[in-house]
2 protein chains.
Amino acid sequence: MEIIECIPNFSEGRDSETIRAIVEAIAASGVVVADHSSDPDHHRMVVTFLGTPDDVLQAALAGAREAVRRIDLTRHAGQHPRIGAVDVIPLVPQGSSSIDLCTRISRELGSRLAEELGLPVYLYEESAARPERQNLAMVRAGGFEALRSGRLIHERAPDFGPDRVHPTAGAVAVGARYPLIAFNVLLRSDDLEVARRIACSIRERDGGLLGVKALGLRLESRGCVQVAINVTRPDEVPLYRVFELVKIEAARHGVTVSGSELIGAFRMADALEVARHYLGLHDLAPTQVLDPWLAQWTEPPRQE
Amino acid sequence: MEIIECIPNFSEGRDSETIRAIVEAIAASGVVVADHSSDPDHHRMVVTFLGTPDDVLQAALAGAREAVRRIDLTRHAGQHPRIGAVDVIPLVPQGSSSIDLCTRISRELGSRLAEELGLPVYLYEESAARPERQNLAMVRAGGFEALRSGRLIHERAPDFGPDRVHPTAGAVAVGARYPLIAFNVLLRSDDLEVARRIACSIRERDGGLLGVKALGLRLESRGCVQVAINVTRPDEVPLYRVFELVKIEAARHGVTVSGSELIGAFRMADALEVARHYLGLHDLAPTQVLDPWLAQWTEPPRQE
């Protein structure tokens with residue numbers, strides 16, 4: 001069946017009422033909310049939901065509507081780059097969906113976000129209409145503050161919507177993409193420079209691992225720094241390799257890792273590859289996990 | 001729904017025709033065969049299948065019938081303790097099944113195995129009618145060779161069936177039990193004594209980890225030894241702890257681990273605990289795995 005996974009990121013990681021309202025608006029649209037998490041230092045929340053293309057479109061709109069109504073970016077400061085109250089809406093093919101279907105839905109969603117909420121919309125990654133917008137970092141360069149400084153024309157012209165940012169909700173990036181793993185490694189250090197240097201050494205852009213994006217960020221509320229990572233080619237570059245490389249680079253600075261966080265969801269295959277590596281379970285097959293077999297007789301997991 | 005997992009072990013690990021015939025007999029009974037594996041050194045095969053209580057009963061009988069017809073224990077020698085052609089048939093509650101249901105089905109199965117195939121049947125573990133039979137190792141002590149040496153009376157009297165072993169198929173142990181993980185760690189050594197000493201140091205019986213059973217075995221065909229392990233309390237003693245302890249004990253003998261094998265299946269929860277440990281993913285929730293959410297829209301996994 002054609003299922004789309006949608007992982008919208010919103011610029012609110014502190015106010016529990018706003019967080020709840022956004023999650024509820026999404027869940028009310030017939031989709032399944034698998035996970036949501038928020039971080040007060042990033043000042044950001046991430047919702048992971050799944051559904052049919054139509055339901056996902058409605059749910060993404062509902063979440064965005066709530067975010068535009070409630071979030072004021074002019075009073076927002078956080079550790080994470082962002083351009084909007086609803087900052088980015090990735091659509092990922094699942095089940096029998098194709099990336100083309102996700103691209104089509106992303107355009108439809110972009111056009112509705114512009115029309116109904118008055119947001120400038122940038123199509124990114126697989127949906128990008130201009131090659132330089134394939135990279136989300138380019139779309140977000142300078143953040144909300146850069147975009148609000150003038151008219152959105154020429155290379156800043158949105159794919160849909162007005163040529164000015166929404167005064168409080170900014171703009172939004174929407175795009176189809178393949179699955180990625182959002183994974184943060186926490187360091188026993190408050191030295192931002194160390195986190196940044198580790199991020200540099202592991203990310204593809206600076207000669208690191210294929211498809212790895214990374215930033216060093218400070219987490220004031222936890223008194224430490226972290227390396228915030230996207231693993232965009234998890235089949236070629238498994239999670240354990242990224243994690244071990246962070247540990248090796250951290251050791252060089254005399255810093256240890258205190259733990260890590262998965263933001264959103266990953267595939268069972270990603271967890272199995274971790275087990276294969278660390279336990280030397282070279283021949284472990286996905287069919288050796290009981291749960292998928294049992295799923296045909298049991299209820300789907302409960303929503304939180 | 002009331003689902004039972006059944007993991008019969010048969011004393012044939014070499015002849016591919018017999019292996020195939022047993023798996024096919026089981027699969028033809030309406031159950032789902034999740035996994036099967038065989039080992040020429042253990043001279044043993046393990047099938048993991050799932051189904052409703054009625055289907056599981058029929059499938060276990062069908063597999064046993066095929067094994068009794070094809071396997072001659074008088075010409076069988078392998079590294080693994082065994083008493084029968086179909087050596088042991090554990091029944092594990094899954095879905096909404098209870099251990100009591102599995103116990104009931106094990107008695108019904110035991111009575112049918114005795115009646116239809118002429119096998120002496122010993123009820124073990126949760127199904128045991130005598131406390132000393134709770135431990136499978138006690139039921140199997142001395143193996144087929146000990147049981148065939150005389151009449152099965154007094155402490156050797158079976159729970160069902162005749163007072164003599166079946167001349168070629170021996171006897172069988174049947175019982176309800178809770179889930180366990182069957183996990184073999186391979187050593188870069190051909191020194192059986194080292195494997196045995198490691199087994200001793202990790203198993204509960206000799207002061208090791210709760211619920212861990214272990215044996216040192218030689219694998220002639222691979223030119224190495226292994227520690228064959230059952231983790232019977234996987235919620236209290238996760239796989240990574242057992243594996244790391246084997247590595248530590250092996251290092252003491254100057255031996256390294258070359259890999260490991262999962263025999264049969266484990267739960268997604270077991271794999272996630274491995275990821276939590278090695279990646280420091282302290283807060284990883286089962287809801288963060290996509291596959292169970294997607295299962296409600298997709299086909300169950302294919303049988304091999």
# chains A, B, ... in the order shown; residues from 1 in each chain; ligands from 1
call {"tool": "residues_around", "arguments": {"residues": "Gly143 of chain B", "least_positions_apart": "3", "cutoff": "8 Å", "atoms": "only C-alpha atoms", "output": "NGL selection string"}}
result
:B and (81-83 or 140 or 146-147)
call {"tool": "write_last_selection", "arguments": {"atoms": "all heavy atoms", "output": "compact mmCIF listing (two decimals), in the first residue's frame"}}
result
# COMPACT_ATOMS: atom_id res chain seq x y z
N PRO B 81 23.84 -32.70 23.12
CA PRO B 81 23.07 -33.71 23.85
C PRO B 81 21.71 -33.94 23.19
O PRO B 81 21.09 -32.98 22.74
CB PRO B 81 22.87 -33.09 25.24
CG PRO B 81 23.70 -31.85 25.31
CD PRO B 81 24.08 -31.48 23.92
N ARG B 82 21.23 -35.17 23.13
CA ARG B 82 19.91 -35.45 22.53
C ARG B 82 19.40 -36.81 22.98
O ARG B 82 20.18 -37.71 23.25
CB ARG B 82 19.94 -35.35 21.00
CG ARG B 82 20.44 -36.60 20.28
CD ARG B 82 21.97 -36.71 20.37
NE ARG B 82 22.49 -37.91 19.73
CZ ARG B 82 22.60 -39.11 20.31
NH1 ARG B 82 22.24 -39.29 21.56
NH2 ARG B 82 23.10 -40.13 19.65
N ILE B 83 18.07 -36.93 23.02
CA ILE B 83 17.46 -38.21 23.37
C ILE B 83 16.60 -38.77 22.24
O ILE B 83 16.19 -39.92 22.30
CB ILE B 83 16.57 -38.13 24.64
CG1 ILE B 83 15.50 -37.03 24.50
CG2 ILE B 83 17.43 -37.89 25.89
CD1 ILE B 83 14.45 -37.05 25.61
N ARG B 140 17.50 -35.02 29.73
CA ARG B 140 18.35 -35.54 28.65
C ARG B 140 19.63 -36.21 29.14
O ARG B 140 20.43 -36.68 28.32
CB ARG B 140 18.73 -34.39 27.71
CG ARG B 140 17.68 -34.14 26.66
CD ARG B 140 18.24 -33.42 25.45
NE ARG B 140 18.87 -32.15 25.76
CZ ARG B 140 18.74 -31.04 25.02
NH1 ARG B 140 17.97 -31.05 23.96
NH2 ARG B 140 19.36 -29.95 25.33
N ALA B 146 21.72 -43.76 27.12
CA ALA B 146 21.34 -44.16 28.48
C ALA B 146 19.91 -44.69 28.51
O ALA B 146 19.62 -45.71 29.14
CB ALA B 146 21.48 -42.97 29.44
N LEU B 147 19.00 -43.99 27.80
CA LEU B 147 17.59 -44.39 27.84
C LEU B 147 17.36 -45.76 27.21
O LEU B 147 16.51 -46.53 27.66
CB LEU B 147 16.70 -43.35 27.13
CG LEU B 147 16.55 -41.98 27.80
CD1 LEU B 147 15.59 -41.11 27.00
CD2 LEU B 147 16.07 -42.11 29.25
call {"tool": "closest_atom_pairs", "arguments": {"of": "chain B", "to": "chain A", "cutoff": "8 Å", "atoms": "only C-alpha atoms", "output": "tab-separated table"}}
result
residue	atom	partner	partner_atom	distance
B:Met1	CA	A:Trp297	CA	6.2
B:Ile3	CA	A:Trp297	CA	7.9
B:Val32	CA	A:Trp293	CA	7.9
B:Ala34	CA	A:Thr287	CA	6.1
B:Asp35	CA	A:Gln288	CA	6.3
B:Leu50	CA	A:Leu294	CA	8.0
B:Gln94	CA	A:Leu294	CA	7.9
B:Gly95	CA	A:Thr298	CA	6.5
B:Tyr240	CA	A:Leu279	CA	7.0
B:Phe243	CA	A:Leu279	CA	6.7
B:Ser258	CA	A:Gly280	CA	7.2
B:Gly259	CA	A:Gly280	CA	4.3
B:Ser260	CA	A:Leu281	CA	4.9
B:Glu261	CA	A:Leu281	CA	5.5
B:Leu262	CA	A:Leu284	CA	6.8
B:Gly264	CA	A:Gln288	CA	6.3
B:Ala265	CA	A:Gln288	CA	4.3
B:Phe266	CA	A:Val289	CA	5.3
B:Arg267	CA	A:Leu290	CA	5.2
B:Met268	CA	A:Val289	CA	5.9
B:Ala271	CA	A:Ala275	CA	6.2
B:Leu272	CA	A:Ala271	CA	6.4
B:Val274	CA	A:Ala275	CA	6.0
B:Ala275	CA	A:Val274	CA	6.0
B:Tyr278	CA	A:Tyr278	CA	7.3
B:Leu279	CA	A:Ser260	CA	6.6
B:Gly280	CA	A:Gly259	CA	4.3
B:Leu281	CA	A:Ser260	CA	4.9
B:His282	CA	A:Gly259	CA	6.8
B:Asp283	CA	A:Glu261	CA	7.0
B:Leu284	CA	A:Leu262	CA	6.8
B:Thr287	CA	A:Ala34	CA	6.1
B:Gln288	CA	A:Ala265	CA	4.3
B:Val289	CA	A:Phe266	CA	5.3
B:Leu290	CA	A:Arg267	CA	5.3
B:Asp291	CA	A:Arg267	CA	6.2
B:Pro292	CA	A:Pro292	CA	6.7
B:Trp293	CA	A:Pro300	CA	6.4
B:Leu294	CA	A:Gly95	CA	7.2
B:Ala295	CA	A:Ala295	CA	6.4
B:Gln296	CA	A:Pro300	CA	6.0
B:Trp297	CA	A:Met1	CA	6.2
B:Thr298	CA	A:Met1	CA	6.3
B:Pro300	CA	A:Gln296	CA	6.0
B:Pro301	CA	A:Trp293	CA	6.6
call {"tool": "closest_residue", "arguments": {"among": "B:Arg203, B:Arg107, B:Arg69, B:Arg130", "to": "Gly170 of chain B", "atoms": "only C-alpha atoms"}}
result
B:Arg69
call {"tool": "select_by_dssp", "arguments": {"residues": "segment 34-171 of chain B", "states": "helix (DSSP H, G or I)", "output": "ChimeraX atom specification"}}
result
/B:53-70,73-75,99-117,125-127,131-133,136-139,143-147,154-156
call {"tool": "write_last_selection", "arguments": {"atoms": "C-alpha atoms", "output": "PDB file, in the first residue's frame"}}
result
ATOM      1  CA  PRO B  53      -2.785 -23.669  19.077  1.00  0.00           C
ATOM      2  CA  ASP B  54      -4.536 -26.174  16.799  1.00  0.00           C
ATOM      3  CA  ASP B  55      -2.276 -25.521  13.828  1.00  0.00           C
ATOM      4  CA  VAL B  56       0.833 -25.677  16.000  1.00  0.00           C
ATOM      5  CA  LEU B  57      -0.244 -29.029  17.426  1.00  0.00           C
ATOM      6  CA  GLN B  58      -0.762 -30.444  13.919  1.00  0.00           C
ATOM      7  CA  ALA B  59       2.486 -28.981  12.583  1.00  0.00           C
ATOM      8  CA  ALA B  60       4.547 -30.317  15.502  1.00  0.00           C
ATOM      9  CA  LEU B  61       3.028 -33.778  14.974  1.00  0.00           C
ATOM     10  CA  ALA B  62       3.715 -33.604  11.226  1.00  0.00           C
ATOM     11  CA  GLY B  63       7.351 -32.624  11.791  1.00  0.00           C
ATOM     12  CA  ALA B  64       7.789 -35.368  14.387  1.00  0.00           C
ATOM     13  CA  ARG B  65       6.219 -37.978  12.081  1.00  0.00           C
ATOM     14  CA  GLU B  66       8.694 -37.075   9.340  1.00  0.00           C
ATOM     15  CA  ALA B  67      11.635 -37.181  11.770  1.00  0.00           C
ATOM     16  CA  VAL B  68      10.647 -40.576  13.211  1.00  0.00           C
ATOM     17  CA  ARG B  69      10.323 -41.976   9.698  1.00  0.00           C
ATOM     18  CA  ARG B  70      13.666 -40.635   8.473  1.00  0.00           C
ATOM     19  CA  LEU B  73      19.495 -42.372  16.171  1.00  0.00           C
ATOM     20  CA  THR B  74      21.471 -45.609  16.386  1.00  0.00           C
ATOM     21  CA  ARG B  75      23.648 -44.159  13.628  1.00  0.00           C
ATOM     22  CA  ILE B  99       1.879 -20.282  29.640  1.00  0.00           C
ATOM     23  CA  ASP B 100      -1.088 -22.348  30.882  1.00  0.00           C
ATOM     24  CA  LEU B 101      -2.422 -22.659  27.347  1.00  0.00           C
ATOM     25  CA  CYS B 102       1.014 -23.830  26.196  1.00  0.00           C
ATOM     26  CA  THR B 103       1.128 -26.347  29.044  1.00  0.00           C
ATOM     27  CA  ARG B 104      -2.285 -27.690  28.029  1.00  0.00           C
ATOM     28  CA  ILE B 105      -1.235 -27.988  24.387  1.00  0.00           C
ATOM     29  CA  SER B 106       2.053 -29.646  25.385  1.00  0.00           C
ATOM     30  CA  ARG B 107       0.157 -32.378  27.241  1.00  0.00           C
ATOM     31  CA  GLU B 108      -2.183 -32.907  24.305  1.00  0.00           C
ATOM     32  CA  LEU B 109       0.825 -33.015  21.963  1.00  0.00           C
ATOM     33  CA  GLY B 110       2.693 -35.398  24.269  1.00  0.00           C
ATOM     34  CA  SER B 111      -0.239 -37.788  24.391  1.00  0.00           C
ATOM     35  CA  ARG B 112      -0.585 -37.756  20.582  1.00  0.00           C
ATOM     36  CA  LEU B 113       3.177 -38.306  20.046  1.00  0.00           C
ATOM     37  CA  ALA B 114       3.017 -41.357  22.300  1.00  0.00           C
ATOM     38  CA  GLU B 115      -0.141 -42.756  20.755  1.00  0.00           C
ATOM     39  CA  GLU B 116       0.545 -42.105  17.082  1.00  0.00           C
ATOM     40  CA  LEU B 117       4.331 -42.452  16.902  1.00  0.00           C
ATOM     41  CA  GLU B 125      10.071 -27.090  32.111  1.00  0.00           C
ATOM     42  CA  GLU B 126       6.669 -25.460  32.890  1.00  0.00           C
ATOM     43  CA  SER B 127       4.841 -28.626  31.821  1.00  0.00           C
ATOM     44  CA  PRO B 131       9.995 -31.138  39.749  1.00  0.00           C
ATOM     45  CA  GLU B 132      13.264 -32.801  38.645  1.00  0.00           C
ATOM     46  CA  ARG B 133      12.024 -32.663  35.047  1.00  0.00           C
ATOM     47  CA  LEU B 136      15.785 -30.174  30.356  1.00  0.00           C
ATOM     48  CA  ALA B 137      19.409 -31.129  31.057  1.00  0.00           C
ATOM     49  CA  MET B 138      18.183 -33.619  33.691  1.00  0.00           C
ATOM     50  CA  VAL B 139      15.639 -35.120  31.287  1.00  0.00           C
ATOM     51  CA  GLY B 143      21.134 -39.090  26.077  1.00  0.00           C
ATOM     52  CA  PHE B 144      19.551 -41.709  23.842  1.00  0.00           C
ATOM     53  CA  GLU B 145      22.254 -44.211  24.775  1.00  0.00           C
ATOM     54  CA  ALA B 146      21.342 -44.157  28.479  1.00  0.00           C
ATOM     55  CA  LEU B 147      17.590 -44.387  27.840  1.00  0.00           C
ATOM     56  CA  HIS B 154      10.756 -45.428  38.184  1.00  0.00           C
ATOM     57  CA  GLU B 155      12.543 -42.101  37.770  1.00  0.00           C
ATOM     58  CA  ARG B 156      12.898 -42.740  34.049  1.00  0.00           C
TER      59      ARG B 156
END
call {"tool": "select_by_dssp", "arguments": {"residues": "segment 91-210 of chain A", "states": "strand (DSSP E)", "output": "MDAnalysis selection string"}}
result
chainID A and resid 91:95 121:123 172:176 181:187
call {"tool": "write_last_selection", "arguments": {"atoms": "C-alpha atoms", "output": "PDB file, in the first residue's frame"}}
result
ATOM      1  CA  LEU A  91       7.974  13.273   2.905  1.00  0.00           C
ATOM      2  CA  VAL A  92       9.497   9.795   2.756  1.00  0.00           C
ATOM      3  CA  PRO A  93       8.195   6.857   0.700  1.00  0.00           C
ATOM      4  CA  GLN A  94       7.153   3.795   2.716  1.00  0.00           C
ATOM      5  CA  GLY A  95       5.216   0.646   1.816  1.00  0.00           C
ATOM      6  CA  VAL A 121       7.457  27.620   0.274  1.00  0.00           C
ATOM      7  CA  TYR A 122      10.814  26.257  -0.890  1.00  0.00           C
ATOM      8  CA  LEU A 123      10.855  22.821  -2.497  1.00  0.00           C
ATOM      9  CA  VAL A 172       8.885  26.603   5.034  1.00  0.00           C
ATOM     10  CA  ALA A 173      10.908  23.978   3.178  1.00  0.00           C
ATOM     11  CA  VAL A 174       8.940  21.016   1.788  1.00  0.00           C
ATOM     12  CA  GLY A 175      10.417  18.064  -0.015  1.00  0.00           C
ATOM     13  CA  ALA A 176      10.460  14.386  -0.837  1.00  0.00           C
ATOM     14  CA  ILE A 181      18.522   8.751  10.631  1.00  0.00           C
ATOM     15  CA  ALA A 182      18.608  11.816  12.883  1.00  0.00           C
ATOM     16  CA  PHE A 183      21.024  10.955  15.631  1.00  0.00           C
ATOM     17  CA  ASN A 184      22.611  13.193  18.264  1.00  0.00           C
ATOM     18  CA  VAL A 185      25.703  12.218  20.216  1.00  0.00           C
ATOM     19  CA  LEU A 186      26.161  13.947  23.586  1.00  0.00           C
ATOM     20  CA  LEU A 187      29.620  14.784  24.849  1.00  0.00           C
TER      21      LEU A 187
END
call {"tool": "residues_around", "arguments": {"residues": "Ser221 of chain A", "least_positions_apart": "4", "cutoff": "12 Å", "atoms": "only C-alpha atoms", "output": "mmCIF file with N, CA, C and O atoms, in the first residue's frame"}}
result
data_model
loop_
_atom_site.group_PDB
_atom_site.id
_atom_site.type_symbol
_atom_site.label_atom_id
_atom_site.label_comp_id
_atom_site.auth_asym_id
_atom_site.auth_seq_id
_atom_site.Cartn_x
_atom_site.Cartn_y
_atom_site.Cartn_z
ATOM 1 N N ARG A 14 9.787 24.221 23.789
ATOM 2 C CA ARG A 14 9.691 24.547 25.223
ATOM 3 C C ARG A 14 8.261 24.549 25.742
ATOM 4 O O ARG A 14 7.994 24.027 26.812
ATOM 5 N N ASP A 39 13.108 19.510 22.056
ATOM 6 C CA ASP A 39 14.351 19.815 22.744
ATOM 7 C C ASP A 39 14.363 21.314 23.065
ATOM 8 O O ASP A 39 14.248 22.142 22.162
ATOM 9 N N PRO A 40 14.478 21.643 24.347
ATOM 10 C CA PRO A 40 14.409 23.063 24.723
ATOM 11 C C PRO A 40 15.594 23.865 24.204
ATOM 12 O O PRO A 40 15.450 25.070 23.961
ATOM 13 N N ASP A 41 16.756 23.256 24.036
ATOM 14 C CA ASP A 41 17.927 23.991 23.555
ATOM 15 C C ASP A 41 17.864 24.208 22.041
ATOM 16 O O ASP A 41 18.102 25.311 21.558
ATOM 17 N N HIS A 42 17.517 23.154 21.324
ATOM 18 C CA HIS A 42 17.258 23.319 19.888
ATOM 19 C C HIS A 42 16.048 24.247 19.710
ATOM 20 O O HIS A 42 15.901 24.868 18.683
ATOM 21 N N HIS A 43 15.198 24.326 20.699
ATOM 22 C CA HIS A 43 13.902 25.012 20.636
ATOM 23 C C HIS A 43 13.155 24.535 19.388
ATOM 24 O O HIS A 43 12.779 25.324 18.525
ATOM 25 N N GLY A 78 17.126 29.657 19.086
ATOM 26 C CA GLY A 78 17.463 28.274 19.450
ATOM 27 C C GLY A 78 18.770 27.906 18.793
ATOM 28 O O GLY A 78 19.329 28.671 18.008
ATOM 29 N N GLN A 79 19.264 26.724 19.145
ATOM 30 C CA GLN A 79 20.569 26.297 18.653
ATOM 31 C C GLN A 79 20.508 25.774 17.227
ATOM 32 O O GLN A 79 21.534 25.575 16.593
ATOM 33 N N ASP A 190 31.602 20.929 27.758
ATOM 34 C CA ASP A 190 30.801 22.088 27.376
ATOM 35 C C ASP A 190 31.565 22.937 26.359
ATOM 36 O O ASP A 190 31.265 24.109 26.164
ATOM 37 N N VAL A 225 27.708 19.856 25.279
ATOM 38 C CA VAL A 225 27.583 20.067 23.839
ATOM 39 C C VAL A 225 27.231 18.742 23.172
ATOM 40 O O VAL A 225 27.371 17.680 23.780
#
call {"tool": "atom_distance", "arguments": {"atom1": "atom CA of Leu180 of chain A", "atom2": "atom CA of Gly208 of chain A"}}
result
16.8 Å
